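Worksheet for the structure shown next.
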Amino acid sequence: MLNLEYYNETGHPVSAVIFEELLDVINQKIPQKNKALITLTLVNKKLIRQINKKYRKTDAPTDVISLSYLNTDYPGQNILGEIFICVDIAERQAKEHGHDLRTELKFLFVHGVLHCIGYEHATEEDFETMMMLTNRILKSA
């Protein structure tokens, strides 16, 4: 079972409830063997750029970064991973895709959780699997 620890480092009033509800659906659709924690932090472009540079060696902002600890021993806790979502970029993408910020944040969160539990999209087949799971989760939420 996955649990959520939520932080909002932005001025945007985004409730943790939308992410907790999604995590409930994920726990139903993709049950985990052990109890584990996922942290979600909403950040601005400056901070996501710093995180991206540190962990992915890319000096540019991005929409979401997932740090999975699935196959590592994270000291002191049973933490599965960390997700960072840039609200500024999510707002822009929401407008580009013709939906609201909440919808975009939900999509990015599910994408991040899937990475934390081991899903990747290096191949077209992997990408299709991730998108199928993402859509199934979002439709059930």
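Identifiers for the structure tokens are assigned positionally: chains receive A, B, ... in sequence, residues are indexed from 1 per chain, and ligands are indexed from 1 in the order shown.
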Could you pull out all residues of range 34-75 of chain A with a DSSP call of strand (DSSP E) and give them as a VMD selection string? chain A and resid 36 to 43 64 to 68
For range 71-138 of chain A versus range 42-59 of chain A, which residues have an atom no more than 7 Å away, and what is each residue's nearest atom pair and distance in Å rounded to one decimal, using only C-alpha atoms, chain-then-number order, as JSON lines?
```
{"residue": "A:Phe84", "atom": "CA", "partner": "A:Leu42", "partner_atom": "CA", "distance": 5.8}
{"residue": "A:Ile85", "atom": "CA", "partner": "A:Leu42", "partner_atom": "CA", "distance": 5.0}
{"residue": "A:Cys86", "atom": "CA", "partner": "A:Val43", "partner_atom": "CA", "distance": 4.9}
{"residue": "A:Val87", "atom": "CA", "partner": "A:Asn44", "partner_atom": "CA", "distance": 6.1}
{"residue": "A:Asp88", "atom": "CA", "partner": "A:Asn44", "partner_atom": "CA", "distance": 6.1}
```
Just write the chosen residues, N, CA and C atoms, as a compact mmCIF listing (two decimals), in the first residue's frame.
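Written output follows (selection_36.txt):
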```
# COMPACT_ATOMS: atom_id res chain seq x y z
N PHE A 84 8.32 15.54 -7.91
CA PHE A 84 8.31 17.00 -7.93
C PHE A 84 7.55 17.44 -9.17
N ILE A 85 6.53 18.27 -8.97
CA ILE A 85 5.74 18.79 -10.09
C ILE A 85 5.87 20.30 -10.10
N CYS A 86 6.20 20.84 -11.27
CA CYS A 86 6.29 22.28 -11.43
C CYS A 86 4.91 22.82 -11.82
N VAL A 87 4.30 23.56 -10.90
CA VAL A 87 2.95 24.07 -11.13
C VAL A 87 2.94 25.08 -12.28
N ASP A 88 3.98 25.89 -12.40
CA ASP A 88 4.04 26.88 -13.48
C ASP A 88 3.97 26.21 -14.86
```
In Å to one decimal, how far is CA of Thr134 in chain A from CA of Val110 in chain A?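 About the pair CA of Val110 in chain A and CA of Thr134 in chain A: they are 6.2 Å apart.
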Give the answer as one residue: which of A:Asn78, A:Glu125, A:Gly98, A:Val64 has the shortest atom-to-atom distance to His111 in chain A, using only C-alpha atoms? A:Val64
Taking the DSSP secondary structure from the backbone, can you list the residues of chain A that are helix (DSSP H, G or I), as a PyMOL selection string? chain A and resi 17-29+45-56+87-97+101-116+124-140
Smallest atom-to-atom distance to Ile83 in chain A: which of A:Ser140, A:Asn3, A:Asn8, A:Ser66, using only C-alpha atoms? A:Ser66
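With CA of Gln32 in chain A on one side and CA of Ala122 in chain A on the other, the separation reads 23.0 Å.
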CA of Asp63 in chain A and CA of Gln93 in chain A are how many Å apart?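 Atom-to-atom, CA of Asp63 in chain A and CA of Gln93 in chain A are spaced 8.6 Å apart.
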Within 12 Å of Asn27 in chain A using only C-alpha atoms, minus same-chain residues under 4 positions, as JSON, numbers by chain: {"A": [1, 2, 3, 4, 20, 21, 22, 23, 31, 32, 33, 34, 35, 36, 110, 113, 114, 117, 137, 140, 141]}
Mind dumping the selected residues with N, CA and C atoms as a PDB file, in the first residue's frame?
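Wrote again_19.pdb, looks like this:
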```
ATOM      1  N   MET A   1       0.838  -1.172   0.000  1.00  0.00           N
ATOM      2  CA  MET A   1       0.000   0.000   0.000  1.00  0.00           C
ATOM      3  C   MET A   1       0.888   1.243   0.000  1.00  0.00           C
ATOM      4  N   LEU A   2       0.558   2.173  -0.863  1.00  0.00           N
ATOM      5  CA  LEU A   2       1.296   3.422  -0.958  1.00  0.00           C
ATOM      6  C   LEU A   2       0.608   4.506  -0.139  1.00  0.00           C
ATOM      7  N   ASN A   3       1.411   5.287   0.562  1.00  0.00           N
ATOM      8  CA  ASN A   3       0.928   6.430   1.321  1.00  0.00           C
ATOM      9  C   ASN A   3       1.583   7.688   0.784  1.00  0.00           C
ATOM     10  N   LEU A   4       0.943   8.824   1.007  1.00  0.00           N
ATOM     11  CA  LEU A   4       1.415  10.088   0.460  1.00  0.00           C
ATOM     12  C   LEU A   4       1.829  11.055   1.546  1.00  0.00           C
ATOM     13  N   GLU A  20      -4.390  12.226  -2.899  1.00  0.00           N
ATOM     14  CA  GLU A  20      -4.721  11.102  -2.028  1.00  0.00           C
ATOM     15  C   GLU A  20      -5.774  10.209  -2.675  1.00  0.00           C
ATOM     16  N   GLU A  21      -6.770  10.832  -3.327  1.00  0.00           N
ATOM     17  CA  GLU A  21      -7.802  10.050  -4.026  1.00  0.00           C
ATOM     18  C   GLU A  21      -7.192   9.242  -5.165  1.00  0.00           C
ATOM     19  N   LEU A  22      -6.275   9.847  -5.894  1.00  0.00           N
ATOM     20  CA  LEU A  22      -5.602   9.118  -6.976  1.00  0.00           C
ATOM     21  C   LEU A  22      -4.768   7.965  -6.428  1.00  0.00           C
ATOM     22  N   LEU A  23      -4.100   8.191  -5.313  1.00  0.00           N
ATOM     23  CA  LEU A  23      -3.291   7.132  -4.725  1.00  0.00           C
ATOM     24  C   LEU A  23      -4.163   5.966  -4.267  1.00  0.00           C
ATOM     25  N   PRO A  31      -1.818  -3.080  -6.744  1.00  0.00           N
ATOM     26  CA  PRO A  31      -1.513  -3.297  -5.330  1.00  0.00           C
ATOM     27  C   PRO A  31      -0.011  -3.518  -5.094  1.00  0.00           C
ATOM     28  N   GLN A  32       0.478  -2.934  -4.017  1.00  0.00           N
ATOM     29  CA  GLN A  32       1.878  -3.084  -3.632  1.00  0.00           C
ATOM     30  C   GLN A  32       1.983  -4.107  -2.504  1.00  0.00           C
ATOM     31  N   LYS A  33       3.083  -4.850  -2.487  1.00  0.00           N
ATOM     32  CA  LYS A  33       3.273  -5.872  -1.460  1.00  0.00           C
ATOM     33  C   LYS A  33       3.482  -5.263  -0.082  1.00  0.00           C
ATOM     34  N   ASN A  34       4.250  -4.191  -0.025  1.00  0.00           N
ATOM     35  CA  ASN A  34       4.610  -3.586   1.252  1.00  0.00           C
ATOM     36  C   ASN A  34       4.055  -2.174   1.367  1.00  0.00           C
ATOM     37  N   LYS A  35       3.944  -1.725   2.583  1.00  0.00           N
ATOM     38  CA  LYS A  35       3.546  -0.345   2.830  1.00  0.00           C
ATOM     39  C   LYS A  35       4.752   0.544   2.504  1.00  0.00           C
ATOM     40  N   ALA A  36       4.524   1.588   1.719  1.00  0.00           N
ATOM     41  CA  ALA A  36       5.616   2.470   1.321  1.00  0.00           C
ATOM     42  C   ALA A  36       5.103   3.898   1.186  1.00  0.00           C
ATOM     43  N   VAL A 110       0.072  10.867 -11.514  1.00  0.00           N
ATOM     44  CA  VAL A 110      -0.031   9.441 -11.856  1.00  0.00           C
ATOM     45  C   VAL A 110       1.215   9.002 -12.618  1.00  0.00           C
ATOM     46  N   VAL A 113       4.012   8.599 -10.105  1.00  0.00           N
ATOM     47  CA  VAL A 113       3.866   7.400  -9.270  1.00  0.00           C
ATOM     48  C   VAL A 113       4.234   6.150 -10.060  1.00  0.00           C
ATOM     49  N   LEU A 114       3.783   6.071 -11.296  1.00  0.00           N
ATOM     50  CA  LEU A 114       4.120   4.901 -12.118  1.00  0.00           C
ATOM     51  C   LEU A 114       5.633   4.750 -12.261  1.00  0.00           C
ATOM     52  N   ILE A 117       7.064   3.269  -9.047  1.00  0.00           N
ATOM     53  CA  ILE A 117       6.842   1.839  -8.806  1.00  0.00           C
ATOM     54  C   ILE A 117       7.455   0.960  -9.900  1.00  0.00           C
ATOM     55  N   ILE A 137      -6.375   4.673 -14.515  1.00  0.00           N
ATOM     56  CA  ILE A 137      -6.383   5.250 -13.183  1.00  0.00           C
ATOM     57  C   ILE A 137      -7.181   6.552 -13.166  1.00  0.00           C
ATOM     58  N   SER A 140     -10.900   6.120 -13.303  1.00  0.00           N
ATOM     59  CA  SER A 140     -11.470   5.526 -12.092  1.00  0.00           C
ATOM     60  C   SER A 140     -11.491   6.497 -10.924  1.00  0.00           C
ATOM     61  N   ALA A 141     -10.773   7.588 -11.040  1.00  0.00           N
ATOM     62  CA  ALA A 141     -10.655   8.544  -9.911  1.00  0.00           C
ATOM     63  C   ALA A 141     -11.870   9.450  -9.835  1.00  0.00           C
TER      64      ALA A 141
END
```
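Of the listed residues A:Val25, A:Leu101, A:Lys106, A:Glu96, the one whose atoms come nearest to Arg136 in chain A is A:Val25, with distances taken using only C-alpha atoms.
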Might you pull out every residue within 9 Å of Phe107 in chain A, with only C-alpha atoms counted and same-chain residues fewer than 4 positions away left off, and present them as a ChimeraX atom specification? /A:102-103,111-112,134-135,138
